[in-house]
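This is work-v9.cif. It holds mmCIF, N, CA, C and O atoms.
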```
data_my_file
#
loop_
_atom_site.label_atom_id
_atom_site.label_comp_id
_atom_site.auth_asym_id
_atom_site.auth_seq_id
_atom_site.Cartn_x
_atom_site.Cartn_y
_atom_site.Cartn_z
N MET A 250 193.17 78.19 123.84
CA MET A 250 192.27 78.61 124.90
C MET A 250 190.85 78.21 124.47
O MET A 250 190.47 78.46 123.33
N ASN A 251 190.09 77.62 125.36
CA ASN A 251 188.70 77.28 125.12
C ASN A 251 187.80 78.19 125.95
O ASN A 251 188.02 78.35 127.14
N ILE A 252 186.79 78.75 125.32
CA ILE A 252 185.82 79.60 126.00
C ILE A 252 184.46 78.93 125.83
O ILE A 252 184.03 78.66 124.71
N VAL A 253 183.78 78.65 126.96
CA VAL A 253 182.48 77.98 126.93
C VAL A 253 181.55 78.71 127.89
O VAL A 253 181.94 79.03 129.03
N ASP A 254 180.33 78.98 127.44
CA ASP A 254 179.34 79.56 128.35
C ASP A 254 179.12 78.62 129.52
O ASP A 254 179.20 77.39 129.38
N SER A 255 178.83 79.19 130.70
CA SER A 255 178.61 78.37 131.88
C SER A 255 177.40 78.88 132.65
O SER A 255 176.87 79.95 132.38
N ASP A 256 176.98 78.08 133.59
CA ASP A 256 175.83 78.40 134.44
C ASP A 256 176.34 78.62 135.86
O ASP A 256 176.88 77.70 136.48
N GLU A 257 176.22 79.84 136.37
CA GLU A 257 176.74 80.15 137.71
C GLU A 257 176.06 79.34 138.80
O GLU A 257 176.55 79.26 139.93
N ARG A 258 174.95 78.69 138.50
CA ARG A 258 174.22 77.91 139.50
C ARG A 258 174.71 76.47 139.63
O ARG A 258 174.20 75.73 140.47
N ASP A 259 175.71 76.06 138.84
CA ASP A 259 176.12 74.66 138.88
C ASP A 259 177.15 74.35 139.97
O ASP A 259 177.55 73.20 140.14
N SER A 260 177.59 75.34 140.72
CA SER A 260 178.51 75.06 141.84
C SER A 260 177.70 74.92 143.13
O SER A 260 176.66 75.54 143.30
N THR A 261 178.21 74.08 144.02
CA THR A 261 177.47 73.79 145.24
C THR A 261 178.10 74.41 146.49
O THR A 261 177.50 74.36 147.56
N TRP A 262 179.30 74.97 146.37
CA TRP A 262 179.94 75.58 147.53
C TRP A 262 180.92 76.67 147.07
O TRP A 262 181.31 76.72 145.91
N GLU A 263 181.26 77.54 148.01
CA GLU A 263 182.26 78.58 147.80
C GLU A 263 183.18 78.64 149.01
O GLU A 263 182.76 78.30 150.12
N GLN A 264 184.37 79.08 148.77
CA GLN A 264 185.33 79.28 149.85
C GLN A 264 185.93 80.66 149.67
O GLN A 264 186.41 80.98 148.58
N HIS A 265 185.90 81.48 150.70
CA HIS A 265 186.39 82.85 150.58
C HIS A 265 187.81 83.03 151.11
O HIS A 265 188.47 84.01 150.76
N SER A 266 188.28 82.13 151.92
CA SER A 266 189.66 82.23 152.39
C SER A 266 190.51 81.28 151.56
O SER A 266 190.09 80.17 151.24
N SER A 267 191.68 81.74 151.15
CA SER A 267 192.55 80.94 150.30
C SER A 267 193.95 80.90 150.89
O SER A 267 194.38 81.82 151.58
N LEU A 268 194.64 79.83 150.56
CA LEU A 268 196.06 79.69 150.90
C LEU A 268 196.81 79.61 149.59
O LEU A 268 196.53 78.74 148.75
N PHE A 269 197.73 80.55 149.38
CA PHE A 269 198.51 80.61 148.15
C PHE A 269 199.94 80.19 148.45
O PHE A 269 200.47 80.50 149.52
N ARG A 270 200.55 79.47 147.53
CA ARG A 270 201.97 79.15 147.63
C ARG A 270 202.70 79.90 146.53
O ARG A 270 202.37 79.79 145.36
N VAL A 271 203.69 80.70 146.93
CA VAL A 271 204.48 81.49 146.00
C VAL A 271 205.85 80.83 145.86
O VAL A 271 206.51 80.52 146.86
N TYR A 272 206.23 80.58 144.62
CA TYR A 272 207.55 80.05 144.30
C TYR A 272 208.41 81.18 143.75
O TYR A 272 207.98 81.92 142.86
N PHE A 273 209.61 81.29 144.28
CA PHE A 273 210.62 82.20 143.75
C PHE A 273 211.75 81.31 143.24
O PHE A 273 212.35 80.58 144.02
N ALA A 274 212.02 81.34 141.94
CA ALA A 274 213.04 80.47 141.35
C ALA A 274 214.13 81.31 140.72
O ALA A 274 213.86 82.27 140.01
N THR A 275 215.36 80.94 140.99
CA THR A 275 216.51 81.63 140.43
C THR A 275 216.96 80.92 139.17
O THR A 275 217.11 79.70 139.16
N VAL A 276 217.14 81.68 138.13
CA VAL A 276 217.61 81.14 136.86
C VAL A 276 219.07 81.54 136.70
O VAL A 276 219.42 82.68 137.02
N PRO A 277 220.00 80.72 136.28
CA PRO A 277 219.80 79.40 135.72
C PRO A 277 220.03 78.26 136.70
O PRO A 277 219.86 77.11 136.34
N ASP A 278 220.40 78.55 137.96
CA ASP A 278 220.78 77.46 138.87
C ASP A 278 219.60 76.65 139.39
O ASP A 278 219.78 75.57 139.94
N GLY A 279 218.39 77.15 139.24
CA GLY A 279 217.20 76.38 139.63
C GLY A 279 216.92 76.36 141.12
O GLY A 279 216.09 75.57 141.57
N ALA A 280 217.57 77.23 141.90
CA ALA A 280 217.26 77.30 143.32
C ALA A 280 215.84 77.83 143.50
O ALA A 280 215.43 78.77 142.81
N VAL A 281 215.10 77.22 144.40
CA VAL A 281 213.71 77.61 144.63
C VAL A 281 213.49 77.85 146.11
O VAL A 281 213.94 77.10 146.95
N ARG A 282 212.77 78.93 146.40
CA ARG A 282 212.27 79.15 147.77
C ARG A 282 210.77 79.32 147.65
O ARG A 282 210.26 79.86 146.66
N THR A 283 210.05 78.84 148.65
CA THR A 283 208.59 78.94 148.63
C THR A 283 208.09 79.57 149.90
O THR A 283 208.70 79.45 150.96
N VAL A 284 206.96 80.26 149.78
CA VAL A 284 206.32 80.94 150.89
C VAL A 284 204.82 80.70 150.76
O VAL A 284 204.28 80.78 149.67
N ASP A 285 204.16 80.39 151.87
CA ASP A 285 202.70 80.29 151.88
C ASP A 285 202.12 81.61 152.35
O ASP A 285 202.60 82.19 153.33
N VAL A 286 201.08 82.08 151.67
CA VAL A 286 200.45 83.37 151.97
C VAL A 286 198.97 83.12 152.23
O VAL A 286 198.29 82.49 151.42
N SER A 287 198.48 83.61 153.36
CA SER A 287 197.06 83.50 153.68
C SER A 287 196.52 84.88 154.05
O SER A 287 197.29 85.84 154.16
N ASP A 288 195.22 84.97 154.23
CA ASP A 288 194.56 86.23 154.57
C ASP A 288 194.86 87.31 153.54
O ASP A 288 195.13 88.46 153.87
N ALA A 289 194.85 86.90 152.26
CA ALA A 289 195.14 87.83 151.17
C ALA A 289 194.38 87.38 149.92
O ALA A 289 194.06 86.20 149.77
N THR A 290 194.12 88.32 149.04
CA THR A 290 193.53 87.98 147.75
C THR A 290 194.65 87.54 146.81
O THR A 290 195.84 87.77 147.08
N PHE A 291 194.26 86.97 145.67
CA PHE A 291 195.27 86.60 144.68
C PHE A 291 196.02 87.83 144.20
O PHE A 291 197.25 87.81 144.07
N THR A 292 195.31 88.92 143.92
CA THR A 292 195.94 90.15 143.44
C THR A 292 196.93 90.68 144.46
O THR A 292 198.03 91.11 144.09
N GLU A 293 196.57 90.67 145.73
CA GLU A 293 197.49 91.12 146.78
C GLU A 293 198.71 90.21 146.85
O GLU A 293 199.85 90.69 147.02
N THR A 294 198.50 88.91 146.72
CA THR A 294 199.60 87.95 146.78
C THR A 294 200.56 88.15 145.62
O THR A 294 201.78 88.18 145.81
N LEU A 295 200.04 88.30 144.41
CA LEU A 295 200.89 88.50 143.25
C LEU A 295 201.66 89.82 143.36
O LEU A 295 202.86 89.88 143.06
N ALA A 296 201.00 90.88 143.82
CA ALA A 296 201.68 92.17 143.99
C ALA A 296 202.80 92.06 145.02
O ALA A 296 203.90 92.59 144.82
N TRP A 297 202.53 91.36 146.13
CA TRP A 297 203.56 91.18 147.16
C TRP A 297 204.74 90.40 146.58
O TRP A 297 205.90 90.77 146.78
N ALA A 298 204.44 89.32 145.84
CA ALA A 298 205.50 88.49 145.26
C ALA A 298 206.36 89.30 144.29
O ALA A 298 207.59 89.17 144.28
N ARG A 299 205.73 90.12 143.49
CA ARG A 299 206.48 90.96 142.55
C ARG A 299 207.44 91.89 143.28
O ARG A 299 208.55 92.12 142.84
N GLY A 300 206.99 92.45 144.39
CA GLY A 300 207.85 93.33 145.17
C GLY A 300 208.93 92.60 145.95
O GLY A 300 209.99 93.16 146.23
N GLU A 301 208.67 91.36 146.30
CA GLU A 301 209.59 90.55 147.10
C GLU A 301 210.68 89.89 146.25
O GLU A 301 211.78 89.63 146.74
N ALA A 302 210.39 89.60 144.99
CA ALA A 302 211.32 88.85 144.14
C ALA A 302 212.56 89.66 143.79
O ALA A 302 212.48 90.86 143.53
N ASP A 303 213.69 88.99 143.80
CA ASP A 303 214.92 89.58 143.33
C ASP A 303 214.87 89.66 141.81
O ASP A 303 214.10 88.95 141.16
N ALA A 304 215.72 90.48 141.21
CA ALA A 304 215.71 90.68 139.76
C ALA A 304 215.92 89.37 139.00
O ALA A 304 215.36 89.18 137.93
N GLY A 305 216.69 88.45 139.53
CA GLY A 305 216.97 87.19 138.84
C GLY A 305 216.00 86.07 139.16
O GLY A 305 216.22 84.93 138.75
N GLU A 306 214.92 86.36 139.88
CA GLU A 306 213.98 85.31 140.26
C GLU A 306 212.70 85.38 139.43
O GLU A 306 212.19 86.47 139.15
N SER A 307 212.20 84.23 139.05
CA SER A 307 210.88 84.15 138.44
C SER A 307 209.87 83.86 139.54
O SER A 307 210.22 83.36 140.61
N ILE A 308 208.61 84.18 139.28
CA ILE A 308 207.53 84.02 140.26
C ILE A 308 206.50 83.05 139.72
O ILE A 308 206.14 83.11 138.54
N SER A 309 206.02 82.19 140.59
CA SER A 309 204.86 81.34 140.30
C SER A 309 203.95 81.38 141.52
O SER A 309 204.44 81.46 142.65
N VAL A 310 202.64 81.33 141.28
CA VAL A 310 201.68 81.35 142.39
C VAL A 310 200.67 80.23 142.17
O VAL A 310 200.11 80.08 141.09
N ALA A 311 200.44 79.45 143.22
CA ALA A 311 199.47 78.35 143.16
C ALA A 311 198.48 78.48 144.31
O ALA A 311 198.81 79.01 145.37
N LEU A 312 197.30 77.98 144.08
CA LEU A 312 196.28 77.85 145.12
C LEU A 312 196.49 76.49 145.78
O LEU A 312 196.52 75.46 145.11
N VAL A 313 196.67 76.48 147.10
CA VAL A 313 196.86 75.23 147.84
C VAL A 313 195.49 74.67 148.19
O VAL A 313 194.63 75.38 148.69
N GLY A 314 195.30 73.39 147.90
CA GLY A 314 194.02 72.75 148.19
C GLY A 314 194.23 71.34 148.70
O GLY A 314 195.34 70.83 148.75
N THR A 315 193.12 70.71 149.05
CA THR A 315 193.14 69.34 149.53
C THR A 315 192.16 68.52 148.70
O THR A 315 191.03 68.95 148.48
N ASP A 316 192.60 67.34 148.24
CA ASP A 316 191.72 66.51 147.42
C ASP A 316 190.84 65.62 148.30
O ASP A 316 190.88 65.71 149.54
N ASP A 317 190.05 64.77 147.66
CA ASP A 317 189.11 63.90 148.38
C ASP A 317 189.81 62.92 149.33
O ASP A 317 189.21 62.42 150.27
N ARG A 318 191.09 62.65 149.09
CA ARG A 318 191.86 61.75 149.95
C ARG A 318 192.50 62.47 151.13
O ARG A 318 193.15 61.86 151.95
N GLY A 319 192.35 63.81 151.15
CA GLY A 319 192.97 64.59 152.21
C GLY A 319 194.41 64.96 151.91
O GLY A 319 195.12 65.43 152.79
N LEU A 320 194.85 64.76 150.67
CA LEU A 320 196.22 65.08 150.28
C LEU A 320 196.30 66.50 149.73
O LEU A 320 195.44 66.93 148.97
N ARG A 321 197.34 67.21 150.12
CA ARG A 321 197.55 68.58 149.69
C ARG A 321 198.06 68.61 148.25
O ARG A 321 198.86 67.78 147.84
N GLY A 322 197.57 69.59 147.49
CA GLY A 322 198.01 69.75 146.10
C GLY A 322 197.93 71.20 145.70
O GLY A 322 197.50 72.06 146.47
N LEU A 323 198.34 71.48 144.47
CA LEU A 323 198.42 72.85 143.98
C LEU A 323 197.66 73.00 142.67
O LEU A 323 197.72 72.14 141.80
N THR A 324 196.96 74.13 142.54
CA THR A 324 196.37 74.56 141.29
C THR A 324 197.11 75.82 140.87
O THR A 324 197.07 76.83 141.57
N TRP A 325 197.80 75.75 139.73
CA TRP A 325 198.62 76.88 139.30
C TRP A 325 197.76 78.01 138.77
O TRP A 325 196.92 77.82 137.92
N LEU A 326 197.98 79.20 139.33
CA LEU A 326 197.26 80.40 138.93
C LEU A 326 198.11 81.33 138.08
O LEU A 326 197.59 82.07 137.25
N PHE A 327 199.40 81.32 138.34
CA PHE A 327 200.35 82.15 137.59
C PHE A 327 201.66 81.39 137.49
O PHE A 327 202.26 81.04 138.50
N GLY A 328 202.10 81.11 136.27
CA GLY A 328 203.32 80.33 136.10
C GLY A 328 203.09 78.87 136.44
O GLY A 328 201.96 78.38 136.40
N MET A 329 204.17 78.18 136.80
CA MET A 329 204.10 76.77 137.15
C MET A 329 205.31 76.40 137.98
O MET A 329 206.18 77.23 138.21
N ASP A 330 205.37 75.15 138.42
CA ASP A 330 206.52 74.68 139.18
C ASP A 330 207.76 74.82 138.32
O ASP A 330 207.85 74.23 137.25
N PRO A 331 208.75 75.61 138.77
CA PRO A 331 209.93 75.83 137.94
C PRO A 331 210.77 74.57 137.75
O PRO A 331 211.64 74.52 136.88
N ASN A 332 210.53 73.54 138.54
CA ASN A 332 211.26 72.28 138.41
C ASN A 332 210.61 71.33 137.42
O ASN A 332 211.18 70.29 137.09
N ASP A 333 209.39 71.64 136.96
CA ASP A 333 208.70 70.79 136.00
C ASP A 333 209.23 71.05 134.60
O ASP A 333 209.59 72.17 134.25
N SER A 334 209.23 70.00 133.81
CA SER A 334 209.57 70.18 132.39
C SER A 334 208.29 70.43 131.61
O SER A 334 207.21 70.03 132.04
N SER A 335 208.43 71.06 130.49
CA SER A 335 207.27 71.35 129.67
C SER A 335 206.74 70.07 129.05
O SER A 335 207.48 69.29 128.47
N GLU A 336 205.44 69.85 129.19
CA GLU A 336 204.81 68.64 128.67
C GLU A 336 203.74 68.95 127.63
O GLU A 336 203.21 68.03 127.02
N SER A 337 203.41 70.21 127.45
CA SER A 337 202.33 70.57 126.54
C SER A 337 202.48 72.02 126.11
O SER A 337 203.29 72.77 126.66
N GLU A 338 201.65 72.40 125.16
CA GLU A 338 201.63 73.80 124.73
C GLU A 338 201.21 74.71 125.89
O GLU A 338 201.73 75.81 126.06
N LEU A 339 200.27 74.24 126.72
CA LEU A 339 199.85 75.03 127.89
C LEU A 339 201.02 75.24 128.84
O LEU A 339 201.24 76.35 129.31
N HIS A 340 201.80 74.20 129.11
CA HIS A 340 202.98 74.35 129.96
C HIS A 340 203.94 75.37 129.37
O HIS A 340 204.52 76.18 130.09
N ASP A 341 204.13 75.31 128.04
CA ASP A 341 205.02 76.27 127.38
C ASP A 341 204.54 77.69 127.62
O ASP A 341 205.33 78.59 127.90
N ARG A 342 203.24 77.92 127.51
CA ARG A 342 202.69 79.26 127.72
C ARG A 342 202.85 79.69 129.18
O ARG A 342 203.13 80.86 129.46
N MET A 343 202.67 78.75 130.11
CA MET A 343 202.84 79.06 131.53
C MET A 343 204.29 79.44 131.83
O MET A 343 204.56 80.39 132.58
N LEU A 344 205.24 78.70 131.26
CA LEU A 344 206.66 79.02 131.44
C LEU A 344 207.00 80.38 130.85
O LEU A 344 207.73 81.16 131.46
N THR A 345 206.47 80.67 129.67
CA THR A 345 206.71 81.96 129.03
C THR A 345 206.19 83.09 129.90
O THR A 345 206.86 84.11 130.09
N GLU A 346 204.99 82.92 130.46
CA GLU A 346 204.41 83.93 131.34
C GLU A 346 205.29 84.15 132.57
O GLU A 346 205.58 85.28 132.94
N MET A 347 205.74 83.06 133.15
CA MET A 347 206.56 83.12 134.36
C MET A 347 207.90 83.82 134.08
O MET A 347 208.31 84.71 134.81
N HIS A 348 208.58 83.44 133.00
CA HIS A 348 209.88 84.02 132.69
C HIS A 348 209.74 85.45 132.16
O HIS A 348 210.61 86.28 132.39
N GLY A 349 208.64 85.75 131.49
CA GLY A 349 208.39 87.12 131.03
C GLY A 349 208.23 88.07 132.19
O GLY A 349 208.68 89.22 132.14
N GLU A 350 207.62 87.61 133.26
CA GLU A 350 207.45 88.42 134.46
C GLU A 350 208.81 88.82 135.01
O GLU A 350 209.03 89.96 135.40
N ARG A 351 209.77 87.89 135.04
CA ARG A 351 211.10 88.18 135.56
C ARG A 351 211.79 89.24 134.70
O ARG A 351 212.36 90.18 135.22
N ARG A 352 211.69 89.11 133.38
CA ARG A 352 212.32 90.09 132.49
C ARG A 352 211.69 91.47 132.66
O ARG A 352 212.38 92.48 132.59
N ASP A 353 210.39 91.52 132.89
CA ASP A 353 209.71 92.82 133.05
C ASP A 353 210.19 93.55 134.31
O ASP A 353 210.19 94.77 134.33
N ARG A 354 210.56 92.81 135.34
CA ARG A 354 211.02 93.45 136.58
C ARG A 354 212.48 93.86 136.53
O ARG A 354 212.92 94.68 137.30
N ALA A 355 213.25 93.23 135.65
CA ALA A 355 214.70 93.48 135.60
C ALA A 355 215.02 94.85 135.06
O ALA A 355 214.28 95.55 134.48
#
```
Would you write out, as C-alpha cells, the structure that this file holds?
Amino acid sequence: MNIVDSDERDSTWEQHSSLFRVYFATVPDGAVRTVDVSDATFTETLAWARGEADAGESISVALVGTDDRGLRGLTWLFGMDPNDSSESELHDRMLTEMHGERRDRA
C-alpha cells in the first residue's frame, strides 16, 4: 500500500451520482450474476449486496464509468471480477477480501 499526501484542489470536477455494478459469484462452479445499482451510496450498495448474496456467493462491487472514447469500464471498489486470474499481489489481496466476505456470511 502506498500513502502519499495530496492536494484537494488538484481535481477539476466531481460527480455525486454513481452507478455501481455488483457481481455475485458462486464458488466453485464460477457462475456469475450481475446487477447495476444506482441512486445509492457505495455503503448502501455493499450492505444491500451482503444481504442479497447467498451463503455460497462471493461479492464484488465496481464503479461503472466511461472513458475518453465513450467506452464503458469498471473501477473495482471491493473485490474484483471473479473470472479474472490473479496477476499481481494486489489482485491476490482483492481476491482474499472477496472470498473472506463470503466466509464471514456463511
Exercise. Evaluate the PyMOL selection byres ((chain A and resi 325-338) around 8) on the structure here and hand back the selected residues as a list in words.
Key: Arg270, Val271, Tyr272, Phe273, Ala274, Thr275, Gly279, Ala280, Val281, Ser307, Ile308, Ser309, Val310, Ala311, Leu312, Val313, Gly322, Leu323, Thr324, Leu339, His340, Asp341, Arg342, Met343, Leu344, Thr345, Glu346, Met347 and His348 of chain A
Self-check item: Output of the PyMOL selection byres ((chain A and resi 287) around 8), listed as a ChimeraX atom specification
Solution: /A:266-270,284-286,288-290,294
Quiz prompt | Atom-to-atom span, atom C of Thr283 (chain A) and atom C of Arg318 (chain A), Å | solution = 23.2 Å
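Put simply, atom C of Trp297 (chain A) is 14.0 Å away from atom N of Arg282 (chain A).
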Quiz item: Would you give me, as a ChimeraX atom specification, the residues in chain A that DSSP reads as helix (DSSP H, G or I)?
Solution: /A:257-259,291-301,338-354
Can I get the selected residues back with N, CA, C and O atoms, as a short mmCIF file (atom, residue, chain, number, x, y, z; two decimals), keeping the file's coordinate frame?
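Below you can see out_30.cif, which holds the result:
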```
data_model
loop_
_atom_site.label_atom_id
_atom_site.label_comp_id
_atom_site.auth_asym_id
_atom_site.auth_seq_id
_atom_site.Cartn_x
_atom_site.Cartn_y
_atom_site.Cartn_z
N GLU A 257 176.22 79.84 136.37
CA GLU A 257 176.74 80.15 137.71
C GLU A 257 176.06 79.34 138.80
O GLU A 257 176.55 79.26 139.93
N ARG A 258 174.95 78.69 138.50
CA ARG A 258 174.22 77.91 139.50
C ARG A 258 174.71 76.47 139.63
O ARG A 258 174.20 75.73 140.47
N ASP A 259 175.71 76.06 138.84
CA ASP A 259 176.12 74.66 138.88
C ASP A 259 177.15 74.35 139.97
O ASP A 259 177.55 73.20 140.14
N PHE A 291 194.26 86.97 145.67
CA PHE A 291 195.27 86.60 144.68
C PHE A 291 196.02 87.83 144.20
O PHE A 291 197.25 87.81 144.07
N THR A 292 195.31 88.92 143.92
CA THR A 292 195.94 90.15 143.44
C THR A 292 196.93 90.68 144.46
O THR A 292 198.03 91.11 144.09
N GLU A 293 196.57 90.67 145.73
CA GLU A 293 197.49 91.12 146.78
C GLU A 293 198.71 90.21 146.85
O GLU A 293 199.85 90.69 147.02
N THR A 294 198.50 88.91 146.72
CA THR A 294 199.60 87.95 146.78
C THR A 294 200.56 88.15 145.62
O THR A 294 201.78 88.18 145.81
N LEU A 295 200.04 88.30 144.41
CA LEU A 295 200.89 88.50 143.25
C LEU A 295 201.66 89.82 143.36
O LEU A 295 202.86 89.88 143.06
N ALA A 296 201.00 90.88 143.82
CA ALA A 296 201.68 92.17 143.99
C ALA A 296 202.80 92.06 145.02
O ALA A 296 203.90 92.59 144.82
N TRP A 297 202.53 91.36 146.13
CA TRP A 297 203.56 91.18 147.16
C TRP A 297 204.74 90.40 146.58
O TRP A 297 205.90 90.77 146.78
N ALA A 298 204.44 89.32 145.84
CA ALA A 298 205.50 88.49 145.26
C ALA A 298 206.36 89.30 144.29
O ALA A 298 207.59 89.17 144.28
N ARG A 299 205.73 90.12 143.49
CA ARG A 299 206.48 90.96 142.55
C ARG A 299 207.44 91.89 143.28
O ARG A 299 208.55 92.12 142.84
N GLY A 300 206.99 92.45 144.39
CA GLY A 300 207.85 93.33 145.17
C GLY A 300 208.93 92.60 145.95
O GLY A 300 209.99 93.16 146.23
N GLU A 301 208.67 91.36 146.30
CA GLU A 301 209.59 90.55 147.10
C GLU A 301 210.68 89.89 146.25
O GLU A 301 211.78 89.63 146.74
N GLU A 338 201.65 72.40 125.16
CA GLU A 338 201.63 73.80 124.73
C GLU A 338 201.21 74.71 125.89
O GLU A 338 201.73 75.81 126.06
N LEU A 339 200.27 74.24 126.72
CA LEU A 339 199.85 75.03 127.89
C LEU A 339 201.02 75.24 128.84
O LEU A 339 201.24 76.35 129.31
N HIS A 340 201.80 74.20 129.11
CA HIS A 340 202.98 74.35 129.96
C HIS A 340 203.94 75.37 129.37
O HIS A 340 204.52 76.18 130.09
N ASP A 341 204.13 75.31 128.04
CA ASP A 341 205.02 76.27 127.38
C ASP A 341 204.54 77.69 127.62
O ASP A 341 205.33 78.59 127.90
N ARG A 342 203.24 77.92 127.51
CA ARG A 342 202.69 79.26 127.72
C ARG A 342 202.85 79.69 129.18
O ARG A 342 203.13 80.86 129.46
N MET A 343 202.67 78.75 130.11
CA MET A 343 202.84 79.06 131.53
C MET A 343 204.29 79.44 131.83
O MET A 343 204.56 80.39 132.58
N LEU A 344 205.24 78.70 131.26
CA LEU A 344 206.66 79.02 131.44
C LEU A 344 207.00 80.38 130.85
O LEU A 344 207.73 81.16 131.46
N THR A 345 206.47 80.67 129.67
CA THR A 345 206.71 81.96 129.03
C THR A 345 206.19 83.09 129.90
O THR A 345 206.86 84.11 130.09
N GLU A 346 204.99 82.92 130.46
CA GLU A 346 204.41 83.93 131.34
C GLU A 346 205.29 84.15 132.57
O GLU A 346 205.58 85.28 132.94
N MET A 347 205.74 83.06 133.15
CA MET A 347 206.56 83.12 134.36
C MET A 347 207.90 83.82 134.08
O MET A 347 208.31 84.71 134.81
N HIS A 348 208.58 83.44 133.00
CA HIS A 348 209.88 84.02 132.69
C HIS A 348 209.74 85.45 132.16
O HIS A 348 210.61 86.28 132.39
N GLY A 349 208.64 85.75 131.49
CA GLY A 349 208.39 87.12 131.03
C GLY A 349 208.23 88.07 132.19
O GLY A 349 208.68 89.22 132.14
N GLU A 350 207.62 87.61 133.26
CA GLU A 350 207.45 88.42 134.46
C GLU A 350 208.81 88.82 135.01
O GLU A 350 209.03 89.96 135.40
N ARG A 351 209.77 87.89 135.04
CA ARG A 351 211.10 88.18 135.56
C ARG A 351 211.79 89.24 134.70
O ARG A 351 212.36 90.18 135.22
N ARG A 352 211.69 89.11 133.38
CA ARG A 352 212.32 90.09 132.49
C ARG A 352 211.69 91.47 132.66
O ARG A 352 212.38 92.48 132.59
N ASP A 353 210.39 91.52 132.89
CA ASP A 353 209.71 92.82 133.05
C ASP A 353 210.19 93.55 134.31
O ASP A 353 210.19 94.77 134.33
N ARG A 354 210.56 92.81 135.34
CA ARG A 354 211.02 93.45 136.58
C ARG A 354 212.48 93.86 136.53
O ARG A 354 212.92 94.68 137.30
#
```
Quiz prompt | One-decimal distance in Å that lies between atom N of Gln264 (chain A) and atom C of Gly300 (chain A) | solution =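 It comes out at 28.2 Å.
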Just add all heavy atoms to region 282-287 of chain A and send it as a PDB file, in the coordinates of the input.
```pdb
ATOM      1  N   ARG A 282     212.770  78.930 146.400  1.00  0.00           N
ATOM      2  CA  ARG A 282     212.270  79.150 147.770  1.00  0.00           C
ATOM      3  C   ARG A 282     210.770  79.320 147.650  1.00  0.00           C
ATOM      4  O   ARG A 282     210.260  79.860 146.660  1.00  0.00           O
ATOM      5  CB  ARG A 282     212.951  80.336 148.446  1.00  0.00           C
ATOM      6  CG  ARG A 282     212.722  81.674 147.807  1.00  0.00           C
ATOM      7  CD  ARG A 282     213.545  82.786 148.482  1.00  0.00           C
ATOM      8  NE  ARG A 282     213.425  84.028 147.765  1.00  0.00           N
ATOM      9  CZ  ARG A 282     212.676  85.055 148.154  1.00  0.00           C
ATOM     10  NH1 ARG A 282     211.980  84.987 149.277  1.00  0.00           N
ATOM     11  NH2 ARG A 282     212.614  86.156 147.432  1.00  0.00           N
ATOM     12  N   THR A 283     210.050  78.840 148.650  1.00  0.00           N
ATOM     13  CA  THR A 283     208.590  78.940 148.630  1.00  0.00           C
ATOM     14  C   THR A 283     208.090  79.570 149.900  1.00  0.00           C
ATOM     15  O   THR A 283     208.700  79.450 150.960  1.00  0.00           O
ATOM     16  CB  THR A 283     207.922  77.558 148.464  1.00  0.00           C
ATOM     17  OG1 THR A 283     208.284  76.730 149.557  1.00  0.00           O
ATOM     18  CG2 THR A 283     208.320  76.903 147.160  1.00  0.00           C
ATOM     19  N   VAL A 284     206.960  80.260 149.780  1.00  0.00           N
ATOM     20  CA  VAL A 284     206.320  80.940 150.890  1.00  0.00           C
ATOM     21  C   VAL A 284     204.820  80.700 150.760  1.00  0.00           C
ATOM     22  O   VAL A 284     204.280  80.780 149.670  1.00  0.00           O
ATOM     23  CB  VAL A 284     206.604  82.461 150.849  1.00  0.00           C
ATOM     24  CG1 VAL A 284     205.907  83.189 151.979  1.00  0.00           C
ATOM     25  CG2 VAL A 284     208.097  82.744 150.864  1.00  0.00           C
ATOM     26  N   ASP A 285     204.160  80.390 151.870  1.00  0.00           N
ATOM     27  CA  ASP A 285     202.700  80.290 151.880  1.00  0.00           C
ATOM     28  C   ASP A 285     202.120  81.610 152.350  1.00  0.00           C
ATOM     29  O   ASP A 285     202.600  82.190 153.330  1.00  0.00           O
ATOM     30  CB  ASP A 285     202.224  79.155 152.791  1.00  0.00           C
ATOM     31  CG  ASP A 285     202.432  77.784 152.173  1.00  0.00           C
ATOM     32  OD1 ASP A 285     202.764  77.700 150.975  1.00  0.00           O
ATOM     33  OD2 ASP A 285     202.259  76.778 152.882  1.00  0.00           O
ATOM     34  N   VAL A 286     201.080  82.080 151.670  1.00  0.00           N
ATOM     35  CA  VAL A 286     200.450  83.370 151.970  1.00  0.00           C
ATOM     36  C   VAL A 286     198.970  83.120 152.230  1.00  0.00           C
ATOM     37  O   VAL A 286     198.290  82.490 151.420  1.00  0.00           O
ATOM     38  CB  VAL A 286     200.602  84.361 150.789  1.00  0.00           C
ATOM     39  CG1 VAL A 286     199.909  85.681 151.095  1.00  0.00           C
ATOM     40  CG2 VAL A 286     202.075  84.572 150.456  1.00  0.00           C
ATOM     41  N   SER A 287     198.480  83.610 153.360  1.00  0.00           N
ATOM     42  CA  SER A 287     197.060  83.500 153.680  1.00  0.00           C
ATOM     43  C   SER A 287     196.520  84.880 154.050  1.00  0.00           C
ATOM     44  O   SER A 287     197.290  85.840 154.160  1.00  0.00           O
ATOM     45  CB  SER A 287     196.832  82.524 154.838  1.00  0.00           C
ATOM     46  OG  SER A 287     197.527  82.944 155.991  1.00  0.00           O
TER      47      SER A 287
END
```
